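One file, entry13.cif, is given below (mmCIF, C-alpha atoms).
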```
data_input
loop_
_atom_site.label_atom_id
_atom_site.label_comp_id
_atom_site.auth_asym_id
_atom_site.auth_seq_id
_atom_site.Cartn_x
_atom_site.Cartn_y
_atom_site.Cartn_z
CA MET R 1368 -40.32 -36.01 -3.84
CA GLN R 1369 -38.70 -36.10 -0.45
CA LYS R 1370 -40.42 -34.12 2.28
CA VAL R 1371 -38.85 -30.75 3.14
CA SER R 1372 -37.76 -30.95 6.77
CA LEU R 1373 -34.80 -29.83 8.84
CA VAL R 1374 -33.47 -33.38 8.95
CA ASN R 1375 -33.65 -33.74 5.18
CA ILE R 1376 -32.06 -30.32 4.64
CA PHE R 1377 -29.26 -31.44 6.92
CA LYS R 1378 -28.79 -34.65 4.93
CA VAL R 1379 -28.62 -32.93 1.54
CA PHE R 1380 -26.31 -30.13 2.58
CA PHE R 1381 -24.05 -32.38 4.60
CA LYS R 1382 -23.59 -34.43 1.43
CA ILE R 1383 -22.94 -31.29 -0.64
CA GLY R 1384 -20.29 -30.22 1.90
CA VAL R 1385 -18.55 -33.59 1.53
CA ILE R 1386 -18.50 -33.68 -2.28
CA LEU R 1387 -17.79 -29.99 -2.82
CA LEU R 1388 -14.12 -30.16 -3.62
CA GLY R 1389 -11.86 -27.54 -5.09
CA GLY R 1390 -13.97 -24.41 -5.20
CA GLY R 1391 -17.39 -23.06 -5.79
CA TYR R 1392 -17.86 -23.49 -9.53
CA VAL R 1393 -19.04 -27.07 -9.13
CA ILE R 1394 -21.89 -25.98 -6.86
CA ILE R 1395 -24.42 -25.53 -9.69
CA PRO R 1396 -24.25 -29.05 -11.17
CA ILE R 1397 -24.22 -30.53 -7.64
CA MET R 1398 -27.24 -28.51 -6.51
CA LYS R 1399 -29.15 -29.21 -9.72
CA ASN R 1400 -28.59 -32.90 -9.21
CA GLU R 1401 -29.45 -33.00 -5.49
CA LEU R 1402 -32.19 -30.39 -5.21
CA THR R 1403 -33.91 -30.39 -8.59
CA GLU R 1404 -33.50 -33.82 -10.13
CA LYS R 1405 -33.48 -36.01 -7.03
CA ARG R 1406 -35.84 -34.08 -4.74
CA ASN R 1407 -37.69 -31.55 -6.84
CA TRP R 1408 -37.40 -28.95 -4.05
CA LEU R 1409 -36.46 -26.18 -6.48
CA SER R 1410 -36.61 -25.44 -10.20
CA ASP R 1411 -33.54 -25.08 -12.41
CA ASP R 1412 -34.42 -21.41 -12.88
CA GLU R 1413 -34.43 -20.81 -9.15
CA ILE R 1414 -30.98 -22.34 -8.81
CA CYS R 1415 -29.67 -20.09 -11.62
CA ASP R 1416 -31.29 -17.03 -10.00
CA TYR R 1417 -29.72 -17.91 -6.66
CA TYR R 1418 -26.32 -18.33 -8.27
CA CYS R 1419 -26.68 -14.91 -9.84
CA ILE R 1420 -27.58 -13.31 -6.47
CA ALA R 1421 -24.91 -15.26 -4.59
CA GLN R 1422 -22.28 -13.84 -6.92
CA CYS R 1423 -23.47 -10.30 -6.29
CA LEU R 1424 -23.37 -10.63 -2.50
CA PRO R 1425 -20.37 -10.42 -0.20
CA GLY R 1426 -18.92 -13.69 1.03
CA ILE R 1427 -18.47 -17.18 -0.33
CA ILE R 1428 -20.67 -18.14 -3.26
CA ALA R 1429 -21.33 -21.72 -2.13
CA ILE R 1430 -22.35 -20.59 1.37
CA ASN R 1431 -24.59 -17.85 0.05
CA MET R 1432 -26.23 -20.43 -2.24
CA ALA R 1433 -26.85 -22.69 0.76
CA ILE R 1434 -28.37 -19.78 2.69
CA LEU R 1435 -30.67 -18.85 -0.20
CA VAL R 1436 -31.87 -22.41 -0.73
CA GLY R 1437 -32.29 -23.06 3.00
CA TYR R 1438 -34.21 -19.80 3.42
CA LYS R 1439 -36.45 -20.58 0.50
CA LEU R 1440 -37.26 -24.04 1.92
CA MET R 1441 -37.75 -23.25 5.63
CA LYS R 1442 -36.96 -19.56 6.22
CA LEU R 1443 -34.27 -18.72 8.80
CA LYS R 1444 -34.28 -22.20 10.37
CA GLY R 1445 -33.66 -23.72 6.96
CA ALA R 1446 -30.86 -21.25 6.16
CA LEU R 1447 -29.10 -21.92 9.46
CA MET R 1448 -29.46 -25.67 9.02
CA SER R 1449 -28.14 -25.70 5.44
CA VAL R 1450 -25.09 -23.60 6.32
CA PHE R 1451 -24.38 -25.66 9.41
CA ALA R 1452 -24.72 -28.94 7.51
CA MET R 1453 -22.61 -27.80 4.58
CA SER R 1454 -19.82 -26.45 6.82
CA LEU R 1455 -19.67 -29.49 9.06
CA SER R 1456 -17.47 -31.85 7.05
CA PRO R 1457 -15.10 -29.11 5.80
CA PHE R 1458 -14.72 -27.94 9.41
CA VAL R 1459 -14.00 -31.42 10.76
CA SER R 1460 -11.58 -32.29 7.96
CA ILE R 1461 -9.63 -29.04 8.34
CA VAL R 1462 -9.40 -29.44 12.12
CA VAL R 1463 -8.20 -33.04 11.74
CA VAL R 1464 -5.62 -32.10 9.11
CA ALA R 1465 -4.47 -29.08 11.13
CA LYS R 1466 -4.08 -31.24 14.26
CA LEU R 1467 -2.00 -33.76 12.37
CA LEU R 1468 -0.12 -31.04 10.52
CA SER R 1469 3.22 -31.52 12.26
CA ALA R 1470 3.06 -35.25 11.48
CA ILE R 1471 1.85 -34.62 7.92
CA VAL R 1472 4.65 -32.16 7.25
CA ARG R 1473 7.17 -34.85 8.22
CA ILE R 1474 6.01 -37.19 5.42
CA PRO R 1475 9.02 -36.99 3.05
CA PHE R 1476 7.31 -36.00 -0.18
CA ILE R 1477 4.53 -33.84 1.32
CA GLU R 1478 6.62 -30.71 0.89
CA GLY R 1479 6.79 -31.49 -2.83
CA LEU R 1480 3.02 -32.08 -2.93
CA PHE R 1481 2.19 -28.74 -1.27
CA TRP R 1482 4.69 -26.96 -3.48
CA GLY R 1483 3.03 -28.42 -6.57
CA VAL R 1484 -0.51 -27.67 -5.39
CA ASN R 1485 0.41 -24.06 -4.70
CA LEU R 1486 1.85 -23.73 -8.18
CA SER R 1487 -1.48 -24.97 -9.52
CA VAL R 1488 -3.19 -22.18 -7.55
CA ILE R 1489 -1.39 -19.68 -9.80
CA VAL R 1490 -3.00 -21.32 -12.83
CA LEU R 1491 -6.38 -21.68 -11.08
CA ILE R 1492 -6.30 -17.96 -10.35
CA TYR R 1493 -5.55 -17.36 -14.02
CA LEU R 1494 -8.56 -19.53 -14.97
CA THR R 1495 -10.81 -17.70 -12.52
CA LEU R 1496 -9.68 -14.41 -13.99
CA ARG R 1497 -10.19 -15.56 -17.56
CA GLU R 1498 -13.79 -16.40 -16.66
CA MET R 1499 -14.41 -13.20 -14.66
CA TRP R 1500 -12.66 -10.97 -17.20
CA LYS R 1501 -15.45 -11.20 -19.82
CA LYS R 1502 -18.14 -10.05 -17.39
CA SER R 1503 -15.95 -7.53 -15.55
CA ILE R 1504 -13.77 -5.70 -18.05
CA VAL R 1505 -16.42 -4.32 -20.36
CA ASP R 1506 -15.02 -0.92 -21.41
CA ILE R 1507 -12.02 1.41 -21.07
CA PHE R 1508 -13.01 2.55 -17.60
CA SER R 1509 -13.16 -0.96 -16.15
CA PHE R 1510 -9.87 -1.81 -17.91
CA VAL R 1511 -8.04 1.18 -16.41
CA TRP R 1512 -9.71 0.66 -13.02
CA PHE R 1513 -8.48 -2.94 -12.98
CA PHE R 1514 -4.86 -1.79 -13.33
CA ILE R 1515 -5.25 0.98 -10.77
CA ILE R 1516 -6.56 -1.49 -8.19
CA LEU R 1517 -3.92 -4.07 -9.15
CA PHE R 1518 -1.19 -1.49 -8.57
CA LEU R 1519 -2.69 -0.37 -5.25
CA SER R 1520 -3.07 -3.95 -4.01
CA LEU R 1521 0.54 -4.77 -4.93
CA ILE R 1522 1.77 -1.82 -2.87
CA LYS R 1523 -0.30 -3.31 -0.03
CA VAL R 1524 -3.22 -0.92 0.20
CA SER R 1525 -5.87 -2.65 2.33
CA PRO R 1526 -8.36 -4.68 0.25
CA VAL R 1527 -11.20 -3.47 2.51
CA LEU R 1528 -10.37 0.13 1.58
CA LEU R 1529 -10.28 -0.77 -2.12
CA ILE R 1530 -13.67 -2.52 -1.95
CA ILE R 1531 -15.29 0.34 -0.01
CA SER R 1532 -13.92 2.92 -2.49
CA SER R 1533 -15.29 0.83 -5.37
CA ILE R 1534 -18.76 0.77 -3.80
CA PHE R 1535 -18.63 4.55 -3.32
CA LEU R 1536 -17.47 5.09 -6.88
CA GLY R 1537 -20.32 2.89 -8.14
CA VAL R 1538 -22.85 5.03 -6.27
CA ILE R 1539 -21.27 8.25 -7.56
CA ILE R 1540 -21.30 7.02 -11.17
CA ARG R 1541 -25.02 6.19 -10.81
CA ILE R 1542 -25.82 9.64 -9.43
CA ILE R 1543 -23.86 11.38 -12.20
CA LYS R 1544 -25.59 9.29 -14.88
CA ASP R 1545 -29.00 10.05 -13.38
CA LYS R 1546 -28.22 13.78 -13.39
CA LYS R 1547 -27.16 13.64 -17.03
CA ASN R 1548 -30.38 11.90 -17.99
CA ALA R 1549 -32.57 14.24 -15.96
CA MET A 127 -5.47 -13.53 25.16
CA HIS A 128 -9.08 -12.38 25.12
CA ASN A 129 -7.89 -9.69 22.85
CA THR A 130 -6.78 -12.24 20.24
CA TYR A 131 -10.25 -13.84 20.30
CA PHE A 132 -11.79 -10.49 19.63
CA LEU A 133 -9.30 -9.62 16.87
CA LEU A 134 -9.78 -13.00 15.20
CA PHE A 135 -13.55 -12.54 15.24
CA TYR A 136 -13.26 -8.96 13.99
CA GLU A 137 -10.85 -9.84 11.14
CA PHE A 138 -13.00 -12.71 9.87
CA VAL A 139 -16.27 -10.79 10.07
CA LYS A 140 -14.45 -8.25 7.91
CA ILE A 141 -13.36 -10.95 5.47
CA GLY A 142 -16.92 -12.33 5.29
CA LEU A 143 -18.24 -8.85 4.66
CA PHE A 144 -15.69 -7.68 2.10
CA THR A 145 -14.79 -10.83 0.19
CA TYR A 146 -16.34 -10.57 -3.17
CA GLY A 147 -15.83 -13.16 -5.92
CA GLY A 148 -14.67 -16.76 -6.23
CA GLY A 149 -12.69 -19.22 -4.11
CA TYR A 150 -9.44 -17.34 -3.72
CA ALA A 151 -11.01 -13.91 -3.20
CA SER A 152 -10.27 -13.98 0.53
CA LEU A 153 -6.53 -14.54 -0.05
CA PRO A 154 -5.59 -10.84 -0.26
CA PHE A 155 -7.07 -10.46 3.24
CA LEU A 156 -5.09 -13.40 4.60
CA TYR A 157 -1.88 -11.98 3.14
CA GLN A 158 -2.70 -8.79 4.95
CA LEU A 159 -3.08 -10.67 8.26
CA ILE A 160 0.54 -11.86 8.01
CA ASP A 161 1.72 -8.27 7.93
CA LYS A 162 -0.61 -7.16 10.68
CA TYR A 163 -0.35 -9.94 13.27
CA SER A 164 1.98 -12.84 13.95
CA TRP A 165 -0.80 -15.45 13.83
CA PHE A 166 0.87 -17.46 11.09
CA SER A 167 3.92 -17.08 8.90
CA HIS A 168 4.21 -16.76 5.17
CA SER A 169 5.22 -20.41 4.74
CA GLU A 170 2.31 -21.50 6.96
CA LEU A 171 -0.01 -19.52 4.72
CA LEU A 172 1.31 -21.46 1.73
CA GLN A 173 0.58 -24.75 3.55
CA LEU A 174 -2.84 -23.47 4.43
CA ILE A 175 -3.63 -22.61 0.79
CA ALA A 176 -2.55 -26.05 -0.41
CA ILE A 177 -4.51 -27.93 2.26
CA SER A 178 -7.67 -25.81 1.87
CA GLY A 179 -7.65 -26.64 -1.83
CA ILE A 180 -7.40 -30.40 -1.41
CA THR A 181 -9.86 -30.92 1.46
CA PRO A 182 -13.64 -30.91 0.91
CA GLY A 183 -15.63 -27.69 1.19
CA PRO A 184 -15.48 -24.13 -0.11
CA ILE A 185 -11.85 -22.93 -0.17
CA GLY A 186 -12.66 -19.62 1.52
CA LEU A 187 -14.29 -21.39 4.46
CA ASN A 188 -11.44 -23.91 4.72
CA MET A 189 -8.87 -21.14 4.76
CA ALA A 190 -10.77 -19.34 7.52
CA THR A 191 -11.14 -22.49 9.64
CA PHE A 192 -7.46 -23.29 9.18
CA SER A 193 -6.28 -19.75 10.01
CA GLY A 194 -8.39 -19.82 13.17
CA PHE A 195 -6.92 -23.17 14.17
CA GLU A 196 -3.36 -21.97 13.59
CA THR A 197 -4.08 -18.92 15.72
CA LEU A 198 -6.08 -20.25 18.66
CA GLY A 199 -6.65 -23.98 18.21
CA LEU A 200 -10.11 -25.54 18.04
CA LYS A 201 -11.84 -22.52 19.58
CA GLY A 202 -10.11 -20.31 17.05
CA ALA A 203 -11.22 -22.56 14.19
CA PHE A 204 -14.82 -22.34 15.36
CA LEU A 205 -14.65 -18.61 15.97
CA SER A 206 -13.14 -17.73 12.59
CA SER A 207 -15.60 -19.93 10.63
CA PHE A 208 -18.54 -18.52 12.57
CA ALA A 209 -17.29 -14.96 12.07
CA LEU A 210 -16.85 -15.54 8.34
CA ILE A 211 -20.38 -16.91 7.91
CA LEU A 212 -22.21 -14.44 10.18
CA PRO A 213 -22.34 -11.47 7.77
CA MET A 214 -23.49 -13.77 4.97
CA ILE A 215 -26.40 -15.05 7.05
CA LEU A 216 -27.45 -11.54 8.04
CA ILE A 217 -27.18 -10.04 4.56
CA THR A 218 -28.24 -12.91 2.33
CA THR A 219 -31.43 -13.77 4.24
CA GLN A 220 -32.48 -10.10 4.05
CA ILE A 221 -31.70 -9.87 0.34
CA PHE A 222 -33.68 -13.04 -0.38
CA ARG A 223 -36.94 -11.31 0.38
CA LEU A 224 -36.38 -8.63 -2.22
CA TYR A 225 -34.22 -10.46 -4.69
CA LYS A 226 -36.06 -9.55 -7.88
CA LYS A 227 -35.80 -5.89 -6.89
CA PHE A 228 -32.20 -6.37 -5.81
CA ILE A 229 -31.05 -7.77 -9.15
CA GLU A 230 -32.75 -4.99 -11.10
CA ASN A 231 -31.76 -2.14 -8.80
CA ARG A 232 -29.88 0.61 -10.66
CA PHE A 233 -27.48 1.29 -7.80
CA VAL A 234 -26.63 -2.39 -7.39
CA GLU A 235 -25.91 -2.61 -11.11
CA SER A 236 -23.62 0.42 -10.99
CA ILE A 237 -21.80 -0.77 -7.86
CA LEU A 238 -21.18 -4.17 -9.44
CA TYR A 239 -19.85 -2.44 -12.55
CA VAL A 240 -17.02 -1.00 -10.41
CA LEU A 241 -16.74 -3.88 -7.96
CA ARG A 242 -16.17 -6.56 -10.61
CA PRO A 243 -12.88 -5.16 -11.99
CA THR A 244 -11.79 -4.46 -8.38
CA SER A 245 -12.38 -8.06 -7.46
CA CYS A 246 -10.49 -9.24 -10.59
CA ALA A 247 -7.56 -7.01 -9.69
CA LEU A 248 -7.41 -8.23 -6.07
CA ILE A 249 -7.34 -11.85 -7.20
CA ALA A 250 -4.78 -11.05 -9.93
CA GLY A 251 -2.64 -9.42 -7.24
CA VAL A 252 -2.55 -12.69 -5.29
CA GLY A 253 -1.62 -14.61 -8.44
CA ILE A 254 1.28 -12.21 -9.03
CA LYS A 255 2.42 -12.53 -5.40
CA LEU A 256 2.38 -16.32 -5.58
CA PHE A 257 4.29 -16.24 -8.87
CA TYR A 258 6.81 -13.87 -7.34
CA ASN A 259 7.26 -16.09 -4.25
CA LEU A 260 7.30 -19.51 -5.89
CA VAL A 261 8.66 -19.01 -9.40
CA LEU A 262 10.90 -15.97 -9.07
CA ASN A 263 12.06 -16.80 -5.50
CA ASN A 264 11.31 -13.20 -4.50
CA PHE A 265 13.40 -11.88 -7.44
CA SER A 266 16.58 -13.64 -6.30
CA SER A 267 16.58 -16.30 -9.03
CA ILE A 268 14.23 -18.19 -11.30
CA ASN A 269 12.99 -21.58 -10.14
CA TYR A 270 12.96 -23.43 -13.47
CA LYS A 271 11.11 -26.46 -12.09
CA ALA A 272 8.32 -24.18 -10.86
CA LEU A 273 8.31 -22.32 -14.16
CA PHE A 274 8.01 -25.65 -15.98
CA VAL A 275 5.01 -26.79 -13.88
CA VAL A 276 3.19 -23.46 -14.24
CA GLY A 277 3.96 -23.41 -17.99
CA PHE A 278 2.75 -26.98 -18.41
CA LEU A 279 -0.54 -26.30 -16.55
CA PHE A 280 -0.97 -23.09 -18.51
CA ILE A 281 -0.78 -25.04 -21.79
CA LEU A 282 -3.30 -27.54 -20.37
CA THR A 283 -5.82 -24.73 -19.87
CA PHE A 284 -6.31 -24.73 -23.63
CA LYS A 285 -7.19 -28.44 -23.58
CA LEU A 286 -8.88 -29.14 -20.23
CA LYS A 287 -12.05 -28.03 -18.52
CA ARG A 288 -11.65 -25.82 -15.49
CA ASP A 289 -12.16 -28.53 -12.91
CA PRO A 290 -9.61 -27.39 -10.31
CA ILE A 291 -8.94 -30.87 -8.92
CA ILE A 292 -7.26 -32.01 -12.14
CA TYR A 293 -4.80 -29.11 -12.05
CA MET A 294 -4.04 -29.64 -8.37
CA ALA A 295 -3.53 -33.37 -8.91
CA ILE A 296 -1.18 -32.93 -11.88
CA ALA A 297 0.85 -30.23 -10.15
CA GLY A 298 0.94 -32.29 -6.95
CA VAL A 299 2.35 -35.30 -8.85
CA PHE A 300 5.02 -33.08 -10.42
CA GLY A 301 5.85 -31.66 -6.99
CA VAL A 302 6.28 -35.15 -5.50
CA LEU A 303 8.38 -36.36 -8.47
CA PHE A 304 10.66 -33.33 -8.36
CA TYR A 305 11.04 -33.84 -4.64
CA LEU A 306 11.90 -37.53 -4.91
CA PHE A 307 14.37 -37.10 -7.77
CA LYS A 308 16.06 -33.93 -6.76
#
```

Mind turning this structure into structure tokens?
Amino acid sequence: MQKVSLVNIFKVFFKIGVILLGGGYVIIPIMKNELTEKRNWLSDDEICDYYCIAQCLPGIIAINMAILVGYKLMKLKGALMSVFAMSLSPFVSIVVVAKLLSAIVRIPFIEGLFWGVNLSVIVLIYLTLREMWKKSIVDIFSFVWFFIILFLSLIKVSPVLLIISSIFLGVIIRIIKDKKNA
Amino acid sequence: MHNTYFLLFYEFVKIGLFTYGGGYASLPFLYQLIDKYSWFSHSELLQLIAISGITPGPIGLNMATFSGFETLGLKGAFLSSFALILPMILITTQIFRLYKKFIENRFVESILYVLRPTSCALIAGVGIKLFYNLVLNNFSSINYKALFVVGFLFILTFKLKRDPIIYMAIAGVFGVLFYLFK
């Protein structure tokens, strides 16, 4: 077992930031491999718990996972270090690509590449939805609510407003249910 | 110009605070930024989506870094990434200490019950917008090449795992081929 220290947290999360490619779903197998199997810093159950919490919290799942693990290992210092380390290589690679963007865009076939990748995003969004659908659309209310929000977002109602209204509605539903049961 | 720094910070704190769900969940917010400010254009957003998908790191963070860079260069990239992560650090470290209670809380459960379909709908909205832009050419005509690629990937979803890189790679190859042989 490797010692838990800021330097080691940096090393692990820097590596995770480099190999994390194409979205957050791969974070669980990567973290299990790096944190449980190789270093024994956490148990499998803890990683699953953290994933569950990270999904319920605002923000990016992979970053919330890093914060939870870092906090568990070395409190606030650990959380700050893990986020910093994980964000470092994505930050540098994006800045480098963005700086070279005008040159990159001039590569003859790059336009075709971007066009293709963006088409794949349509299918990736479909896949994300297929996965989320089972957990999210559980009854008639959630089904109808989905289409209401879809309609409102297509007519450009602010997503912030839609999220805040959803939180309010969730609270109201809880209060009504509690009153019924009382 | 100081005003732009402040607005960039403000918009990305908002995204960090109100993004809920997987990799592309912050896209509805970025679409909204096009309408609100002239930081980047619609075609630049499409470049940004493609590049954020194929560079290492969480897509949401990459998109934030990139948007910041497009808006205000290196300082902007730093500011937008920092702003995105800040609410996560504040909220997630606090939640960590009461996470067992948090997961079992009746209000949290009820809020998530409403928030999950909302989040699905917001992501679905982006999928529809991308389809409308790339396949239907904003309702002016149908792009049959694009329709073919999306259809092909869609059929693959029945065969392949959901590793996003494979879909991006296949679609990217199609994009390059179509470009070279057009």

key: Residue IDs satisfying the PyMOL selection byres ((chain A) within 6 of (chain R)), as a PyMOL selection string   = chain A and resi 142-146+149+176+179+182-185+236-237+240-244+247+251+253+290-291+293-294+297-298+301-302+305

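In this comparison, which uses all atoms listed in the file, the residue of A:Val275, A:Leu174, A:Ala203, A:Leu238 approaching Val299 of chain A most closely is A:Val275.
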
request  = Could you please determine the separation between atom CA of Gly199 of chain A and atom CA of Ile141 of chain A in Å, to one decimal place?
outcome  =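 Computing the Euclidean distance for atom CA of Gly199 of chain A and atom CA of Ile141 of chain A yields 19.4 Å.
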
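Reported to one decimal place, the separation of atom CA of Ser245 of chain A from atom CA of Phe278 of chain A is 26.6 Å.
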
ask   = How many Å separate atom CA of Tyr150 of chain A from atom CA of Ile1376 of chain R?
value = 27.4 Å

Kindly add N, CA and C atoms to the incomplete segment 1517-1544 of chain R and provide the output as a tab-separated table (two decimals), in the coordinates of the input.
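Ended up saving to part.tsv:
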```tsv
chain	number	residue	atom	x	y	z
R	1517	LEU	N	-5.02	-3.10	-9.18
R	1517	LEU	CA	-3.92	-4.07	-9.15
R	1517	LEU	C	-2.67	-3.41	-8.57
R	1518	PHE	N	-2.36	-2.22	-9.07
R	1518	PHE	CA	-1.19	-1.49	-8.57
R	1518	PHE	C	-1.32	-1.23	-7.07
R	1519	LEU	N	-2.48	-0.70	-6.66
R	1519	LEU	CA	-2.69	-0.37	-5.25
R	1519	LEU	C	-2.59	-1.62	-4.37
R	1520	SER	N	-3.12	-2.75	-4.85
R	1520	SER	CA	-3.07	-3.95	-4.01
R	1520	SER	C	-1.63	-4.48	-3.92
R	1521	LEU	N	-0.85	-4.30	-4.99
R	1521	LEU	CA	0.54	-4.77	-4.93
R	1521	LEU	C	1.40	-3.91	-4.01
R	1522	ILE	N	1.04	-2.62	-3.85
R	1522	ILE	CA	1.77	-1.82	-2.87
R	1522	ILE	C	1.10	-1.90	-1.50
R	1523	LYS	N	0.27	-2.95	-1.32
R	1523	LYS	CA	-0.30	-3.31	-0.03
R	1523	LYS	C	-1.31	-2.33	0.54
R	1524	VAL	N	-2.07	-1.67	-0.30
R	1524	VAL	CA	-3.22	-0.92	0.20
R	1524	VAL	C	-4.27	-1.95	0.64
R	1525	SER	N	-4.93	-1.68	1.77
R	1525	SER	CA	-5.87	-2.65	2.33
R	1525	SER	C	-7.00	-2.98	1.35
R	1526	PRO	N	-7.27	-4.30	1.15
R	1526	PRO	CA	-8.36	-4.68	0.25
R	1526	PRO	C	-9.72	-4.14	0.70
R	1527	VAL	N	-9.93	-4.01	2.01
R	1527	VAL	CA	-11.20	-3.47	2.51
R	1527	VAL	C	-11.39	-2.04	1.98
R	1528	LEU	N	-10.31	-1.26	2.06
R	1528	LEU	CA	-10.37	0.13	1.58
R	1528	LEU	C	-10.70	0.16	0.09
R	1529	LEU	N	-10.07	-0.75	-0.67
R	1529	LEU	CA	-10.28	-0.77	-2.12
R	1529	LEU	C	-11.72	-1.15	-2.46
R	1530	ILE	N	-12.28	-2.10	-1.70
R	1530	ILE	CA	-13.67	-2.52	-1.95
R	1530	ILE	C	-14.63	-1.39	-1.59
R	1531	ILE	N	-14.40	-0.75	-0.42
R	1531	ILE	CA	-15.29	0.34	-0.01
R	1531	ILE	C	-15.23	1.49	-1.04
R	1532	SER	N	-14.01	1.83	-1.51
R	1532	SER	CA	-13.92	2.92	-2.49
R	1532	SER	C	-14.66	2.54	-3.77
R	1533	SER	N	-14.60	1.25	-4.15
R	1533	SER	CA	-15.29	0.83	-5.37
R	1533	SER	C	-16.80	1.00	-5.22
R	1534	ILE	N	-17.32	0.64	-4.03
R	1534	ILE	CA	-18.76	0.77	-3.80
R	1534	ILE	C	-19.16	2.25	-3.90
R	1535	PHE	N	-18.36	3.12	-3.26
R	1535	PHE	CA	-18.63	4.55	-3.32
R	1535	PHE	C	-18.62	5.05	-4.77
R	1536	LEU	N	-17.59	4.65	-5.50
R	1536	LEU	CA	-17.47	5.09	-6.88
R	1536	LEU	C	-18.69	4.64	-7.70
R	1537	GLY	N	-19.14	3.40	-7.45
R	1537	GLY	CA	-20.32	2.89	-8.14
R	1537	GLY	C	-21.53	3.77	-7.89
R	1538	VAL	N	-21.72	4.18	-6.63
R	1538	VAL	CA	-22.85	5.03	-6.27
R	1538	VAL	C	-22.72	6.39	-6.97
R	1539	ILE	N	-21.49	6.94	-6.95
R	1539	ILE	CA	-21.27	8.25	-7.56
R	1539	ILE	C	-21.55	8.21	-9.07
R	1540	ILE	N	-21.06	7.16	-9.72
R	1540	ILE	CA	-21.30	7.02	-11.17
R	1540	ILE	C	-22.80	7.00	-11.47
R	1541	ARG	N	-23.56	6.26	-10.63
R	1541	ARG	CA	-25.02	6.19	-10.81
R	1541	ARG	C	-25.65	7.58	-10.69
R	1542	ILE	N	-25.23	8.32	-9.66
R	1542	ILE	CA	-25.82	9.64	-9.43
R	1542	ILE	C	-25.50	10.58	-10.59
R	1543	ILE	N	-24.23	10.53	-11.08
R	1543	ILE	CA	-23.86	11.38	-12.20
R	1543	ILE	C	-24.67	11.03	-13.44
R	1544	LYS	N	-24.81	9.72	-13.70
R	1544	LYS	CA	-25.59	9.29	-14.88
R	1544	LYS	C	-27.04	9.76	-14.78
```
